[in-house]
Every structure is written in structure tokens, then in C-alpha cells.
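File shown here: run.pdb, holding PDB, C-alpha atoms and all ligand atoms.
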```pdb
ATOM      1  CA  MET A   1      62.830  55.099 136.674
ATOM      2  CA  GLN A   2      60.076  53.739 138.911
ATOM      3  CA  ALA A   3      61.961  52.060 141.794
ATOM      4  CA  VAL A   4      65.409  51.022 143.004
ATOM      5  CA  LEU A   5      65.738  47.618 144.681
ATOM      6  CA  PHE A   6      68.666  47.206 146.997
ATOM      7  CA  ASP A   7      70.294  44.064 148.267
ATOM      8  CA  LEU A   8      71.417  44.600 151.875
ATOM      9  CA  ASP A   9      74.527  42.622 152.875
ATOM     10  CA  GLY A  10      77.469  43.927 150.859
ATOM     11  CA  VAL A  11      75.482  46.775 149.271
ATOM     12  CA  ILE A  12      74.113  48.905 152.110
ATOM     13  CA  THR A  13      76.805  47.903 154.601
ATOM     14  CA  ASP A  14      79.718  45.522 154.990
ATOM     15  CA  THR A  15      77.811  42.714 156.723
ATOM     16  CA  ALA A  16      78.786  40.239 153.951
ATOM     17  CA  LYS A  17      82.116  39.910 155.745
ATOM     18  CA  TYR A  18      80.344  38.988 159.009
ATOM     19  CA  HIS A  19      78.304  36.290 157.243
ATOM     20  CA  PHE A  20      81.584  34.864 155.910
ATOM     21  CA  THR A  21      83.281  34.973 159.329
ATOM     22  CA  ALA A  22      80.323  33.283 161.037
ATOM     23  CA  TRP A  23      79.981  30.546 158.379
ATOM     24  CA  LYS A  24      83.734  29.953 158.412
ATOM     25  CA  GLN A  25      83.737  29.446 162.186
ATOM     26  CA  MET A  26      80.775  27.086 162.087
ATOM     27  CA  ALA A  27      82.276  25.117 159.168
ATOM     28  CA  GLU A  28      85.643  24.800 160.913
ATOM     29  CA  ARG A  29      83.949  23.318 163.985
ATOM     30  CA  ILE A  30      82.668  20.456 161.813
ATOM     31  CA  GLY A  31      85.934  20.086 159.891
ATOM     32  CA  ILE A  32      85.083  21.988 156.692
ATOM     33  CA  GLU A  33      87.342  24.704 155.248
ATOM     34  CA  ILE A  34      85.765  27.504 153.245
ATOM     35  CA  ASP A  35      87.690  30.217 151.411
ATOM     36  CA  SER A  36      86.681  33.529 149.893
ATOM     37  CA  ASP A  37      86.252  32.036 146.389
ATOM     38  CA  PHE A  38      83.752  29.492 147.711
ATOM     39  CA  ASN A  39      82.114  32.274 149.719
ATOM     40  CA  GLU A  40      81.093  33.983 146.452
ATOM     41  CA  SER A  41      78.666  31.076 145.944
ATOM     42  CA  LEU A  42      77.118  31.695 149.392
ATOM     43  CA  LYS A  43      76.428  35.401 148.895
ATOM     44  CA  GLY A  44      72.737  36.113 148.435
ATOM     45  CA  ILE A  45      71.761  32.580 149.409
ATOM     46  CA  GLU A  46      69.262  31.940 152.197
ATOM     47  CA  ARG A  47      70.553  30.528 155.530
ATOM     48  CA  MET A  48      69.577  26.827 155.332
ATOM     49  CA  GLN A  49      70.527  26.691 151.659
ATOM     50  CA  SER A  50      73.931  28.185 152.487
ATOM     51  CA  LEU A  51      74.421  25.467 155.101
ATOM     52  CA  GLU A  52      73.513  22.791 152.525
ATOM     53  CA  ARG A  53      76.112  24.217 150.120
ATOM     54  CA  ILE A  54      78.763  24.121 152.844
ATOM     55  CA  LEU A  55      77.930  20.512 153.731
ATOM     56  CA  VAL A  56      78.113  19.472 150.060
ATOM     57  CA  HIS A  57      81.421  21.342 149.738
ATOM     58  CA  GLY A  58      82.768  19.316 152.710
ATOM     59  CA  HIS A  59      81.216  16.009 151.465
ATOM     60  CA  GLN A  60      79.039  15.869 154.592
ATOM     61  CA  GLU A  61      75.621  16.267 152.994
ATOM     62  CA  GLN A  62      74.346  12.956 154.410
ATOM     63  CA  LYS A  63      75.810  13.347 157.866
ATOM     64  CA  TYR A  64      73.274  15.455 159.765
ATOM     65  CA  SER A  65      69.601  15.150 160.626
ATOM     66  CA  GLN A  66      67.276  18.076 159.955
ATOM     67  CA  ALA A  67      67.322  18.966 163.653
ATOM     68  CA  GLU A  68      71.148  18.983 163.679
ATOM     69  CA  LYS A  69      71.228  21.173 160.591
ATOM     70  CA  GLU A  70      68.880  23.601 162.247
ATOM     71  CA  ARG A  71      71.161  23.698 165.266
ATOM     72  CA  LEU A  72      74.212  24.396 163.064
ATOM     73  CA  ALA A  73      72.367  27.199 161.274
ATOM     74  CA  GLN A  74      71.269  28.619 164.631
ATOM     75  CA  GLU A  75      74.872  28.585 165.875
ATOM     76  CA  LYS A  76      75.963  30.451 162.774
ATOM     77  CA  ASN A  77      73.195  33.011 163.227
ATOM     78  CA  ASP A  78      74.011  33.530 166.914
ATOM     79  CA  GLU A  79      77.613  34.239 165.972
ATOM     80  CA  TYR A  80      76.505  36.524 163.115
ATOM     81  CA  VAL A  81      74.114  38.501 165.332
ATOM     82  CA  SER A  82      76.853  38.941 167.941
ATOM     83  CA  LEU A  83      79.111  40.391 165.212
ATOM     84  CA  LEU A  84      76.341  42.872 164.347
ATOM     85  CA  ALA A  85      76.258  44.208 167.892
ATOM     86  CA  GLY A  86      78.561  47.150 167.206
ATOM     87  CA  LEU A  87      76.820  48.297 164.010
ATOM     88  CA  THR A  88      76.156  52.052 163.888
ATOM     89  CA  PRO A  89      75.001  54.519 161.190
ATOM     90  CA  GLU A  90      78.696  55.188 160.443
ATOM     91  CA  ASP A  91      78.901  51.637 159.065
ATOM     92  CA  THR A  92      76.648  52.528 156.140
ATOM     93  CA  TYR A  93      78.647  52.218 152.929
ATOM     94  CA  PRO A  94      79.802  55.510 151.377
ATOM     95  CA  GLY A  95      77.277  57.150 149.059
ATOM     96  CA  ILE A  96      74.311  55.058 150.186
ATOM     97  CA  LYS A  97      72.644  57.610 152.424
ATOM     98  CA  GLU A  98      73.169  60.301 149.784
ATOM     99  CA  LEU A  99      71.589  58.100 147.100
ATOM    100  CA  LEU A 100      68.650  57.230 149.380
ATOM    101  CA  THR A 101      68.142  60.935 150.057
ATOM    102  CA  GLU A 102      68.161  61.719 146.325
ATOM    103  CA  LEU A 103      65.632  58.951 145.680
ATOM    104  CA  GLN A 104      63.389  60.255 148.443
ATOM    105  CA  GLU A 105      63.598  63.821 147.088
ATOM    106  CA  ASN A 106      62.657  62.545 143.637
ATOM    107  CA  LYS A 107      59.833  60.342 144.983
ATOM    108  CA  ILE A 108      61.421  57.169 143.617
ATOM    109  CA  PRO A 109      60.733  54.305 146.040
ATOM    110  CA  ALA A 110      63.696  52.387 147.466
ATOM    111  CA  VAL A 111      63.034  48.772 148.445
ATOM    112  CA  ILE A 112      65.134  46.163 150.271
ATOM    113  CA  ALA A 113      65.269  42.827 148.440
ATOM    114  CA  SER A 114      67.440  40.689 150.703
ATOM    115  CA  ALA A 115      67.300  37.015 151.679
ATOM    116  CA  SER A 116      68.261  37.982 155.221
ATOM    117  CA  LYS A 117      65.865  37.569 158.115
ATOM    118  CA  ASN A 118      68.122  40.024 159.972
ATOM    119  CA  ALA A 119      67.391  42.877 157.539
ATOM    120  CA  PRO A 120      65.033  44.834 159.860
ATOM    121  CA  LEU A 121      67.577  44.619 162.712
ATOM    122  CA  ILE A 122      70.409  45.899 160.502
ATOM    123  CA  LEU A 123      68.396  48.773 159.004
ATOM    124  CA  GLU A 124      67.400  49.843 162.479
ATOM    125  CA  ALA A 125      71.030  49.815 163.673
ATOM    126  CA  LEU A 126      72.016  51.904 160.634
ATOM    127  CA  GLN A 127      68.990  54.191 161.202
ATOM    128  CA  LEU A 128      67.937  53.832 157.570
ATOM    129  CA  ASN A 129      64.406  52.406 157.985
ATOM    130  CA  THR A 130      62.626  55.594 157.020
ATOM    131  CA  TYR A 131      64.335  55.707 153.613
ATOM    132  CA  PHE A 132      62.737  52.464 152.466
ATOM    133  CA  HIS A 133      59.249  52.104 151.082
ATOM    134  CA  ALA A 134      59.312  48.354 151.857
ATOM    135  CA  ILE A 135      61.446  45.448 153.014
ATOM    136  CA  VAL A 136      60.421  42.394 151.012
ATOM    137  CA  ASP A 137      59.685  39.415 153.258
ATOM    138  CA  PRO A 138      61.972  36.644 151.937
ATOM    139  CA  GLY A 139      59.871  33.926 153.631
ATOM    140  CA  GLY A 140      57.876  31.543 151.466
ATOM    141  CA  ILE A 141      59.277  32.561 148.091
ATOM    142  CA  PRO A 142      62.078  30.982 146.026
ATOM    143  CA  GLY A 143      65.460  32.521 146.834
ATOM    144  CA  LYS A 144      67.990  34.159 144.499
ATOM    145  CA  PRO A 145      68.926  33.418 141.679
ATOM    146  CA  GLU A 146      65.160  33.090 141.149
ATOM    147  CA  PRO A 147      63.650  36.497 140.367
ATOM    148  CA  ASP A 148      60.811  36.351 142.922
ATOM    149  CA  ILE A 149      62.180  38.668 145.607
ATOM    150  CA  PHE A 150      62.868  41.419 143.055
ATOM    151  CA  VAL A 151      59.533  40.913 141.311
ATOM    152  CA  LYS A 152      57.771  41.155 144.682
ATOM    153  CA  GLY A 153      59.776  44.273 145.563
ATOM    154  CA  ALA A 154      58.717  46.001 142.334
ATOM    155  CA  GLU A 155      55.094  45.076 143.024
ATOM    156  CA  GLN A 156      55.297  46.495 146.540
ATOM    157  CA  ALA A 157      56.628  49.745 145.082
ATOM    158  CA  GLY A 158      53.839  49.788 142.486
ATOM    159  CA  ALA A 159      56.512  49.663 139.779
ATOM    160  CA  ASP A 160      56.950  47.829 136.493
ATOM    161  CA  SER A 161      60.117  45.667 136.572
ATOM    162  CA  VAL A 162      61.435  47.009 133.243
ATOM    163  CA  TYR A 163      61.640  50.481 134.766
ATOM    164  CA  CYS A 164      63.477  49.301 137.894
ATOM    165  CA  ILE A 165      67.121  49.058 138.867
ATOM    166  CA  GLY A 166      68.463  46.337 141.148
ATOM    167  CA  ILE A 167      71.761  46.706 143.034
ATOM    168  CA  GLU A 168      73.654  43.601 144.157
ATOM    169  CA  ASP A 169      77.061  42.347 145.267
ATOM    170  CA  SER A 170      76.354  38.645 144.626
ATOM    171  CA  GLN A 171      76.336  36.452 141.547
ATOM    172  CA  ALA A 172      72.995  34.888 142.546
ATOM    173  CA  GLY A 173      71.529  38.353 143.087
ATOM    174  CA  ILE A 174      72.635  39.702 139.712
ATOM    175  CA  GLU A 175      71.082  36.640 138.042
ATOM    176  CA  ALA A 176      67.867  37.241 139.990
ATOM    177  CA  ILE A 177      67.702  40.912 138.932
ATOM    178  CA  LYS A 178      68.197  39.994 135.278
ATOM    179  CA  ALA A 179      65.614  37.190 135.522
ATOM    180  CA  ALA A 180      63.187  39.804 136.896
ATOM    181  CA  GLY A 181      63.787  41.901 133.769
ATOM    182  CA  MET A 182      65.512  44.788 135.548
ATOM    183  CA  TYR A 183      68.710  46.740 134.975
ATOM    184  CA  ALA A 184      71.417  45.141 137.136
ATOM    185  CA  VAL A 185      74.052  47.189 138.913
ATOM    186  CA  GLY A 186      76.871  45.178 140.470
ATOM    187  CA  ILE A 187      78.987  46.353 143.389
ATOM    188  CA  GLY A 188      82.324  44.587 143.421
ATOM    189  CA  GLU A 189      84.495  43.039 140.742
ATOM    190  CA  GLU A 190      83.633  42.996 137.059
ATOM    191  CA  SER A 191      85.347  39.591 136.705
ATOM    192  CA  ILE A 192      82.931  38.097 139.277
ATOM    193  CA  LEU A 193      79.674  39.939 138.548
ATOM    194  CA  GLY A 194      80.061  40.551 134.793
ATOM    195  CA  PRO A 195      79.670  36.874 133.866
ATOM    196  CA  SER A 196      76.480  36.681 135.974
ATOM    197  CA  GLY A 197      74.931  39.332 133.732
ATOM    198  CA  ALA A 198      75.525  42.667 135.480
ATOM    199  CA  ASP A 199      74.765  45.549 133.124
ATOM    200  CA  ILE A 200      77.333  47.710 134.886
ATOM    201  CA  VAL A 201      79.725  47.054 137.778
ATOM    202  CA  TYR A 202      81.051  49.715 140.135
ATOM    203  CA  PRO A 203      83.937  48.899 142.467
ATOM    204  CA  SER A 204      82.305  50.811 145.315
ATOM    205  CA  THR A 205      78.974  52.283 146.398
ATOM    206  CA  LYS A 206      80.701  55.691 146.274
ATOM    207  CA  GLU A 207      79.932  55.695 142.538
ATOM    208  CA  LEU A 208      76.169  55.411 143.055
ATOM    209  CA  THR A 209      74.483  58.700 142.272
ATOM    210  CA  LEU A 210      70.957  59.063 140.926
ATOM    211  CA  GLN A 211      72.229  60.822 137.801
ATOM    212  CA  ARG A 212      74.776  58.119 137.078
ATOM    213  CA  LEU A 213      72.178  55.370 137.508
ATOM    214  CA  LEU A 214      69.683  57.137 135.262
ATOM    215  CA  THR A 215      72.295  57.657 132.562
ATOM    216  CA  ALA A 216      73.623  54.092 132.757
ATOM    217  CA  ALA A 217      70.202  52.482 132.684
ATOM    218  CA  GLN A 218      68.795  55.045 130.206
ATOM    219  CA  LEU A 219      65.727  55.315 132.392
ATOM    220  CA  ALA A 220      65.333  59.057 132.740
TER     221      ALA A 220
HETATM  222  C1  LIG B 301      71.901  37.468 152.363
HETATM  223  C2  LIG B 301      73.384  37.196 152.490
HETATM  224  C3  LIG B 301      73.647  35.723 152.726
HETATM  225  C4  LIG B 301      72.810  35.219 153.889
HETATM  226  C5  LIG B 301      71.334  35.459 153.611
HETATM  227  C6  LIG B 301      70.451  35.024 154.780
HETATM  228  O1  LIG B 301      71.466  36.997 151.150
HETATM  229  O2  LIG B 301      74.064  37.601 151.317
HETATM  230  O3  LIG B 301      75.021  35.568 153.010
HETATM  231  O4  LIG B 301      73.027  33.833 154.097
HETATM  232  O5  LIG B 301      71.134  36.844 153.400
HETATM  233  O6  LIG B 301      70.718  35.862 155.865
HETATM  234  P1  LIG B 301      70.243  35.613 157.365
HETATM  235  O7  LIG B 301      70.667  36.882 158.063
HETATM  236  O8  LIG B 301      68.759  35.441 157.319
HETATM  237  O9  LIG B 301      70.942  34.395 157.842
HETATM  238 MG    MG B 302      74.619  40.815 149.204
END
```
Exercise: express the given structure as C-alpha cells:
Amino acid sequence: MQAVLFDLDGVITDTAKYHFTAWKQMAERIGIEIDSDFNESLKGIERMQSLERILVHGHQEQKYSQAEKERLAQEKNDEYVSLLAGLTPEDTYPGIKELLTELQENKIPAVIASASKNAPLILEALQLNTYFHAIVDPGGIPGKPEPDIFVKGAEQAGADSVYCIGIEDSQAGIEAIKAAGMYAVGIGEESILGPSGADIVYPSTKELTLQRLLTAAQLA
């Protein structure tokens, strides 16, 4: 195995729930209800694109100017960042630090492949920066489910995609990993991530050990 590419929100820590809370509050202010089923289609999706999906969902796609949309997205991000304020290393999902340590000991680069512009802030709060070889800049490339962010991550690690593993909690992310030609590990529910193409789904990050990943992906 040449590299492991990690999504951030919902894989490294439970920030996916904060994204949902912040979007829900913003949507309610403009009269749109979103539930957790709809939220599955927002996971992994870049900020302005997520807003567009919410507006379409509420039949308001024609209602706002670009400047108003940017203000709505900013409001959501302000709320989201305020929810991140209490984040500490203890909020890292179980098993993640252990896996990152194993990867480091085995000289296998770990890379963050997240659509979030808040990724550096979150990794700093969790004190995990030093475990990652790179954080892919999501700016200027097509978002998930396109493969670009994973392809770029493999390149930054000097790895060949076929010898990489991607770990994701979102449908769009699993599709992106598969489109990049990598082995896709889902974190969450088989019924949600299986149909998107996950090669294996674990209910929790607790299951993620280097040995288990190597065996599953047959990439010793
Ligand atoms: C991740 C999350 C999405 C979020 C996106 C952009 O992909 O799963 O829910 O919308 O990042 O995050 P940002 O922090 O830049 O708004
Ligand atoms: Mg995610």
C-alpha cells in the first residue's frame, strides 16, 4: 500500500453533525426544512454547491442573487465555525490516532482529501497536523463525486492510485474514490455507502487498523 487518503468530516472527527446543524439552521431561516436523509446528499459536497442543493430542495433556486447566496453561505460557515470552537484532541474519532501512528511507523503517507476549507483549522484543534503528509487544496478542482481530489492526493504522496486506500463517510466521496481507481473504505451504514460502491463498510473508525486495511484491500 502506497498511501491512505482520508476524508475529514465524519471520518477523522464528528464534524459532519456540525455541518448538518449549521445548514439546518440557515435553511430554516429561509423557510426550508432539511432532514437527515437529505443531509446524506450534502455530505462531501463543497459549500456553495451544498447551498445550491438546499435551494433546489426548497424550490428556491431562482430566488437569490449571487451576492445573497454568498451571504447565506457565509452565515452557515460562521455558525459552523462557532460550533467548532470547543474541538479538542479528545474529539478525534476512536482508532484514528492509532491508525495514523501505525501509518507513520510504516512510512505510508496519510493525506487529507476533504472539500472543506476549514480542514487546517480542524486538524490544528485536534493536534493531528504532523501525522499528515499533505492536505489537498480543494480550491480550483472539481468536487466529489469527481475523482480529482483523491487523484491529486495520491500525486502529492507520490503514490499510484491503484495502490491507495480512500476512507469516506459520504456517498459522493465513495464514488470519487472509486472513480480515482482506489480501494474504498466506508465509515457508516452499508445500506447507504454500499450502493455508492464502497468495497468494505465499517460501522465505526474503531475497526480501522493497518492490518485490517491491508488484508481487506489485499495490498500488502
Ligand atoms: C466536507 C463536508 C461538507 C462540507 C464541505 C465544505 O465535504 O462533508 O458537508 O460542505 O466539506 O466544507 P467547508 O468547511 O469548506 O464549508
Ligand atoms: Mg465526510
TODO: Residues within 7 Å of ligand LIG 301 (chain B), counting only C-alpha atoms and all ligand atoms: report them as a ChimeraX atom specification.
DONE: /A:9,16,19,42-47,50,77,114-119
Test item: residues at most 12 Å from A:Glu90, all atoms listed in the file, excluding those fewer than 6 positions along its chain, as a PDB file with C-alpha atoms, in the frame of the given file:
```pdb
ATOM      1  CA  ILE A  12      74.113  48.905 152.110  1.00  0.00           C
ATOM      2  CA  THR A  13      76.805  47.903 154.601  1.00  0.00           C
ATOM      3  CA  ASP A  14      79.718  45.522 154.990  1.00  0.00           C
ATOM      4  CA  ILE A  96      74.311  55.058 150.186  1.00  0.00           C
ATOM      5  CA  LYS A  97      72.644  57.610 152.424  1.00  0.00           C
ATOM      6  CA  ALA A 125      71.030  49.815 163.673  1.00  0.00           C
ATOM      7  CA  LEU A 126      72.016  51.904 160.634  1.00  0.00           C
ATOM      8  CA  GLN A 127      68.990  54.191 161.202  1.00  0.00           C
ATOM      9  CA  LEU A 128      67.937  53.832 157.570  1.00  0.00           C
TER      10      LEU A 128
END
```
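Nearest-residue note for ligand MG 302 (chain B): choosing from A:Ala159, A:Ile149, A:Ala172, A:Val56, the minimum distance belongs to A:Ala172, counting all atoms listed in the file.
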Task: Contact residues around A:Lys63 with all atoms listed in the file at 12 Å, ignoring same-chain residues under 6 positions, as a PyMOL selection string - done: chain A and resi 30+52+55-56+69
TODO: Decode the PyMOL selection byres (((chain A and resi 206) around 9) and not hetatm) for the given file into explicit residues and return them as an NGL selection string.
DONE: :A and (93-96 or 202-205 or 207-209)
Could you save those same residues with C-alpha atoms as a PDB file, keeping the file's coordinate frame?
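Contents of the output file out.pdb:
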```
ATOM      1  CA  TYR A  93      78.647  52.218 152.929  1.00  0.00           C
ATOM      2  CA  PRO A  94      79.802  55.510 151.377  1.00  0.00           C
ATOM      3  CA  GLY A  95      77.277  57.150 149.059  1.00  0.00           C
ATOM      4  CA  ILE A  96      74.311  55.058 150.186  1.00  0.00           C
ATOM      5  CA  TYR A 202      81.051  49.715 140.135  1.00  0.00           C
ATOM      6  CA  PRO A 203      83.937  48.899 142.467  1.00  0.00           C
ATOM      7  CA  SER A 204      82.305  50.811 145.315  1.00  0.00           C
ATOM      8  CA  THR A 205      78.974  52.283 146.398  1.00  0.00           C
ATOM      9  CA  GLU A 207      79.932  55.695 142.538  1.00  0.00           C
ATOM     10  CA  LEU A 208      76.169  55.411 143.055  1.00  0.00           C
ATOM     11  CA  THR A 209      74.483  58.700 142.272  1.00  0.00           C
TER      12      THR A 209
END
```
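Put simply, the PyMOL selection byres (((chain A and resi 166-170) around 8) and not hetatm) in this file takes in A:Val4, A:Leu5, A:Phe6, A:Asp7, A:Gly10, A:Val11, A:Glu40, A:Lys43, A:Gly44, A:Phe150, A:Cys164, A:Ile165, A:Gln171, A:Ala172, A:Gly173, A:Ile174, A:Ile177, A:Met182, A:Tyr183, A:Ala184, A:Val185, A:Gly186, A:Ile187, A:Gly188, A:Leu193.
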TODO: Calculate how many Å separate atom CA of A:Glu155 from atom CA of A:Leu103, rounding to one decimal.
DONE: 17.6 Å
Task: Using only C-alpha atoms and all ligand atoms: which of A:Ile54, A:Ala176, A:Gln66, A:His59 has the shortest distance to ligand MG 302 (chain B) - done: A:Ala176
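Pairwise distance (atom CA of A:Glu175, atom CA of A:Gly143) equals 11.2 Å.
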Task: Selection result for the PyMOL selection byres (((chain A and resi 24) around 10) and not hetatm) on this file, as number ranges by chain - done: A: 18-23, 25-29, 32-36, 39, 54, 76
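For A:Lys107, the set of protein, DNA and RNA residues having any atom at most 12 Å away, when counting all atoms listed in the file and skipping those fewer than 2 positions along the same chain, is A:Met1, A:Gln2, A:Ala3, A:Val4, A:Leu100, A:Thr101, A:Glu102, A:Leu103, A:Gln104, A:Glu105, A:Pro109, A:Ala110, A:Tyr131, A:Phe132, A:His133, A:Ala157, A:Leu210.
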Open item on the list: Would you compute the distance between atom CA of A:Gly58 and atom CA of A:Gln74? Give it in Å to one decimal.
Closed with: 19.0 Å
